[in-house]
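Okay, target18.cif now, which holds mmCIF, C-alpha atoms and all ligand atoms:
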```cif
data_structure
#
loop_
_atom_site.label_atom_id
_atom_site.label_comp_id
_atom_site.auth_asym_id
_atom_site.auth_seq_id
_atom_site.Cartn_x
_atom_site.Cartn_y
_atom_site.Cartn_z
CA MET Q 1 6.39 -5.61 9.35
CA LYS Q 2 8.83 -3.07 7.94
CA LYS Q 3 7.88 0.57 8.37
CA ILE Q 4 8.57 2.92 5.47
CA LEU Q 5 8.23 6.69 5.36
CA VAL Q 6 7.56 8.19 1.92
CA ILE Q 7 8.44 11.87 1.66
CA ASN Q 8 7.37 14.08 -1.23
CA GLY Q 9 8.78 17.56 -1.62
CA PRO Q 10 7.55 20.86 -3.04
CA ASN Q 11 4.93 21.09 -5.77
CA LEU Q 12 4.28 17.36 -5.84
CA ASN Q 13 0.90 18.16 -4.26
CA MET Q 14 0.19 19.91 -7.59
CA LEU Q 15 0.44 16.71 -9.63
CA GLY Q 16 -2.22 16.56 -12.32
CA ILE Q 17 -2.27 20.35 -12.60
CA ARG Q 18 1.45 20.97 -12.78
CA GLU Q 19 3.12 20.57 -16.22
CA PRO Q 20 1.03 17.49 -17.13
CA ASP Q 21 3.14 16.84 -20.24
CA LEU Q 22 6.08 16.19 -17.92
CA TYR Q 23 4.51 14.84 -14.75
CA GLY Q 24 1.34 13.22 -16.08
CA LYS Q 25 -2.36 13.85 -15.56
CA LYS Q 26 -2.79 11.81 -12.39
CA ASP Q 27 -3.13 13.88 -9.22
CA TYR Q 28 -1.40 13.65 -5.83
CA PRO Q 29 -4.16 11.63 -4.11
CA ALA Q 30 -3.80 9.09 -6.96
CA LEU Q 31 -0.07 8.82 -6.20
CA CYS Q 32 -0.79 8.29 -2.50
CA GLU Q 33 -3.36 5.62 -3.33
CA TYR Q 34 -0.86 3.88 -5.62
CA ILE Q 35 1.83 3.92 -2.90
CA SER Q 36 -0.62 2.59 -0.28
CA GLU Q 37 -1.78 -0.23 -2.59
CA CYS Q 38 1.84 -1.23 -3.31
CA ALA Q 39 2.57 -1.25 0.43
CA VAL Q 40 -0.38 -3.56 1.14
CA LYS Q 41 0.77 -5.97 -1.61
CA MET Q 42 4.34 -5.95 -0.25
CA GLY Q 43 3.26 -6.33 3.36
CA VAL Q 44 4.92 -3.14 4.57
CA GLN Q 45 3.54 -0.33 6.69
CA VAL Q 46 3.73 3.01 4.90
CA GLU Q 47 3.33 6.60 6.02
CA ILE Q 48 3.18 9.27 3.31
CA TYR Q 49 4.24 12.86 3.98
CA GLN Q 50 4.30 15.86 1.67
CA SER Q 51 5.66 19.34 2.34
CA ASN Q 52 6.63 22.39 0.37
CA SER Q 53 9.08 23.45 3.10
CA GLU Q 54 12.68 22.33 3.39
CA GLY Q 55 12.76 22.53 7.21
CA ASP Q 56 9.60 20.45 7.53
CA ILE Q 57 11.18 17.78 5.35
CA VAL Q 58 14.28 17.80 7.58
CA ASN Q 59 11.97 17.40 10.62
CA ALA Q 60 10.12 14.52 8.96
CA ILE Q 61 13.42 12.72 8.29
CA GLN Q 62 14.47 13.24 11.92
CA THR Q 63 11.19 11.81 13.24
CA ALA Q 64 11.94 8.63 11.26
CA TYR Q 65 14.92 8.00 13.57
CA ASN Q 66 14.13 4.90 15.67
CA THR Q 67 10.59 4.75 14.27
CA LYS Q 68 11.03 3.76 10.59
CA ASP Q 69 13.09 1.11 8.81
CA GLY Q 70 13.39 2.89 5.48
CA ILE Q 71 12.73 6.17 3.69
CA VAL Q 72 11.61 6.79 0.13
CA ILE Q 73 12.16 10.40 -0.82
CA ASN Q 74 11.32 12.54 -3.80
CA PRO Q 75 12.77 15.85 -2.60
CA ALA Q 76 11.57 17.52 -5.85
CA ALA Q 77 13.40 20.83 -6.42
CA TYR Q 78 15.27 20.45 -3.10
CA THR Q 79 17.08 17.50 -4.67
CA HIS Q 80 19.26 19.96 -6.53
CA THR Q 81 19.83 22.48 -3.74
CA SER Q 82 19.48 21.03 -0.26
CA VAL Q 83 22.52 20.12 1.80
CA ALA Q 84 20.17 20.19 4.84
CA ILE Q 85 18.10 17.29 3.50
CA LEU Q 86 21.27 15.37 2.61
CA ASP Q 87 22.64 15.93 6.13
CA ALA Q 88 19.34 14.81 7.71
CA VAL Q 89 19.41 11.52 5.76
CA LYS Q 90 23.03 10.98 6.83
CA ALA Q 91 22.20 11.91 10.44
CA VAL Q 92 19.44 9.32 10.90
CA GLY Q 93 21.37 6.59 9.07
CA ILE Q 94 18.17 4.96 7.76
CA PRO Q 95 18.35 3.24 4.32
CA THR Q 96 16.92 5.79 1.90
CA VAL Q 97 15.93 5.52 -1.75
CA GLU Q 98 15.58 8.55 -4.03
CA VAL Q 99 12.73 8.76 -6.55
CA HIS Q 100 11.97 11.14 -9.40
CA LEU Q 101 8.92 10.89 -11.63
CA THR Q 102 10.86 12.31 -14.56
CA ASP Q 103 14.31 11.40 -15.82
CA VAL Q 104 16.24 14.26 -14.24
CA SER Q 105 19.40 13.21 -16.11
CA GLN Q 106 17.70 14.10 -19.41
CA ARG Q 107 16.47 17.56 -18.38
CA GLU Q 108 18.17 20.88 -17.57
CA GLU Q 109 21.81 20.80 -16.40
CA PHE Q 110 20.88 21.98 -12.90
CA ARG Q 111 18.67 18.91 -12.40
CA LYS Q 112 21.63 16.56 -12.94
CA ILE Q 113 22.96 17.40 -9.48
CA SER Q 114 21.41 15.51 -6.57
CA TYR Q 115 22.72 16.22 -3.08
CA VAL Q 116 20.52 13.68 -1.29
CA GLY Q 117 21.29 11.04 -3.91
CA THR Q 118 24.85 10.81 -2.61
CA ALA Q 119 23.48 9.32 0.63
CA CYS Q 120 20.87 7.02 -0.96
CA VAL Q 121 21.13 3.27 -1.53
CA ALA Q 122 19.40 3.61 -4.93
CA THR Q 123 17.74 6.13 -7.24
CA PHE Q 124 14.78 5.52 -9.58
CA LYS Q 125 14.08 8.19 -12.15
CA GLY Q 126 11.85 8.54 -15.18
CA LEU Q 127 9.51 5.70 -14.22
CA GLY Q 128 6.57 7.83 -13.06
CA PHE Q 129 4.59 6.35 -10.16
CA GLU Q 130 6.32 2.98 -10.60
CA GLY Q 131 9.54 4.46 -9.24
CA TYR Q 132 7.95 4.53 -5.77
CA LYS Q 133 7.11 0.82 -6.04
CA LYS Q 134 10.67 -0.02 -7.08
CA ALA Q 135 12.00 2.10 -4.22
CA MET Q 136 9.84 0.28 -1.67
CA GLU Q 137 10.86 -3.09 -3.14
CA THR Q 138 14.51 -2.08 -2.78
CA LEU Q 139 13.97 -1.27 0.90
CA VAL Q 140 12.10 -4.54 1.50
CA LYS Q 141 15.11 -6.44 0.11
CA GLU Q 142 17.56 -4.26 2.02
CA ASP Q 143 19.02 -5.91 5.13
CA MET Q 144 17.75 -3.54 7.79
C1 LIG Z 201 11.14 15.83 -9.67
C2 LIG Z 201 12.25 16.43 -10.54
C3 LIG Z 201 12.74 17.74 -9.94
O1 LIG Z 201 13.78 18.28 -10.75
C4 LIG Z 201 11.62 18.74 -9.89
O2 LIG Z 201 12.06 19.94 -9.28
C5 LIG Z 201 10.40 18.21 -9.22
C6 LIG Z 201 10.02 16.82 -9.43
C7 LIG Z 201 10.53 14.56 -10.30
O3 LIG Z 201 9.84 13.84 -9.59
O4 LIG Z 201 10.72 14.31 -11.49
O5 LIG Z 201 9.68 18.95 -8.57
O6 LIG Z 201 11.70 15.45 -8.42
#
```

Write the structure described by the file as structure tokens, please.
Ligand code: DQA
Amino acid sequence: MKKILVINGPNLNMLGIREPDLYGKKDYPALCEYISECAVKMGVQVEIYQSNSEGDIVNAIQTAYNTKDGIVINPAAYTHTSVAILDAVKAVGIPTVEVHLTDVSQREEFRKISYVGTACVATFKGLGFEGYKKAMETLVKEDM
């Protein structure tokens, strides 16, 4: 059974409260439940991690080395700023898929840049929760 680590970055724990017109009214536990249900249906083992801290996200990526087969990451605001998260993904060499709830290519200019995306096998954006499902499906198909 493939083991996938799902990482969610800053402010995603505020789903449901945070800018609901953009991010929807469903809360973070609902997202986790959705991811877990998808994992059961796909027959993969999933661990879900959320942090508001860049260093903790780097640590989470490092712990995936030799323990996980794939990473799904929504680095949230760190997408657009973090070379450290990009380097961590490159360091572990684990197939990684980037997810964004919103379509970051249709928002502010600064959201069009994704550092981590340059090291990812795929990116799903603007699909809401479904992006996580597509990301996990991509990793299941990935030869790893
Ligand atoms: C986000 C998009 C980012 O630009 C933003 O900073 C987030 C969430 C998304 O899921 O759409 O926090 O990653």

The residue from Q:Ile85, Q:Val6, Q:Ala64, Q:Ala91 with the smallest atom-to-atom distance to Q:Val116, counting all atoms listed in the file, is Q:Ile85

For this session: Could you check which of Q:Ile17, Q:Leu101, Q:Ile57, Q:Ile113 is closest to Q:Thr79, using all atoms listed in the file?
Result: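 Using all atoms listed in the file, Q:Thr79 sits closest to Q:Ile113.
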
Nearest to Q:His80 among Q:Val58, Q:Phe110, Q:Tyr65, Q:Pro95, with distances taken over only C-alpha atoms: which residue is it?
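Result for the nearest residue to Q:His80: Q:Phe110.
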
Identify, on the basis of all atoms listed in the file, every residue whose closest approach to Q:Ala135 does not exceed 9 Å; exclude the query and any residue fewer than 6 positions from it along the same chain; express the result as JSON, numbers by chain.
-> {"Q": [71, 72, 73, 96, 97, 98, 99, 122, 123, 124]}

#### Entry: Nearest to ligand LIG 201 (chain Z), chosen from Q:Asn59, Q:Asn66, Q:Gln106, Q:Thr138, with all atoms listed in the file counted in the distances
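Residue with the minimum atom-to-atom distance to ligand LIG 201 (chain Z): Q:Gln106.
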
- Task: Mind checking which residues fall within 10 Å of Q:Lys90, counting only C-alpha atoms, ignoring those fewer than 6 positions away in the same chain, and posting them as a VMD selection string?
- Result: chain Q and resid 61 84 96 116 118 to 120

- Query: Counting only C-alpha atoms, what is within 12 Å of Q:Gly128, bar same-chain residues fewer than 2 positions away, as a PyMOL selection string?
  - Reply: chain Q and resi 15+20+22-26+31+34-35+74+99-104+124-126+130-135

Would you compute the box with edges along x, y and z of the file around ligand LIG 201 (chain Z), including every atom the file lists for it and 5 Å extra on each side, and give its centre and edge lengths in Å to one decimal, as AutoDock Vina command-line options?
```
--center_x 11.7 --center_y 16.9 --center_z -10.0 --size_x 14.1 --size_y 16.1 --size_z 13.1
```

**Message:** Could you check the closest approach to ligand LIG 201 (chain Z) for each of Q:Lys41, Q:Arg111, Q:Lys2, Q:Lys68 and tell me which residue wins, using all atoms listed in the file?
**Reply:**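 For ligand LIG 201 (chain Z), the nearest of the given residues is Q:Arg111.
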
message = Just checking: using only C-alpha atoms, which residue out of Q:Val140, Q:Asn8, Q:Asp21, Q:Gly16 ends up closest to Q:Ala60?
response =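 That would be Q:Asn8, the residue with the smallest distance to Q:Ala60.
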
Q) Counting all atoms listed in the file, what is within 10 Å of Q:Cys32, bar same-chain residues fewer than 5 positions away, as a VMD selection string? A) chain Q and resid 6 27 37 to 38 47 to 49 129

Keeping only C-alpha atoms, take the residues you just selected and write them out as a PDB file, in the coordinates of the input.
```
ATOM      1  CA  VAL Q   6       7.560   8.190   1.920  1.00  0.00           C
ATOM      2  CA  ASP Q  27      -3.130  13.880  -9.220  1.00  0.00           C
ATOM      3  CA  GLU Q  37      -1.780  -0.230  -2.590  1.00  0.00           C
ATOM      4  CA  CYS Q  38       1.840  -1.230  -3.310  1.00  0.00           C
ATOM      5  CA  GLU Q  47       3.330   6.600   6.020  1.00  0.00           C
ATOM      6  CA  ILE Q  48       3.180   9.270   3.310  1.00  0.00           C
ATOM      7  CA  TYR Q  49       4.240  12.860   3.980  1.00  0.00           C
ATOM      8  CA  PHE Q 129       4.590   6.350 -10.160  1.00  0.00           C
TER       9      PHE Q 129
END
```

note - atom C2 of ligand LIG 201 (chain Z) and atom CA of Q:Asp69 are separated by 24.7 Å
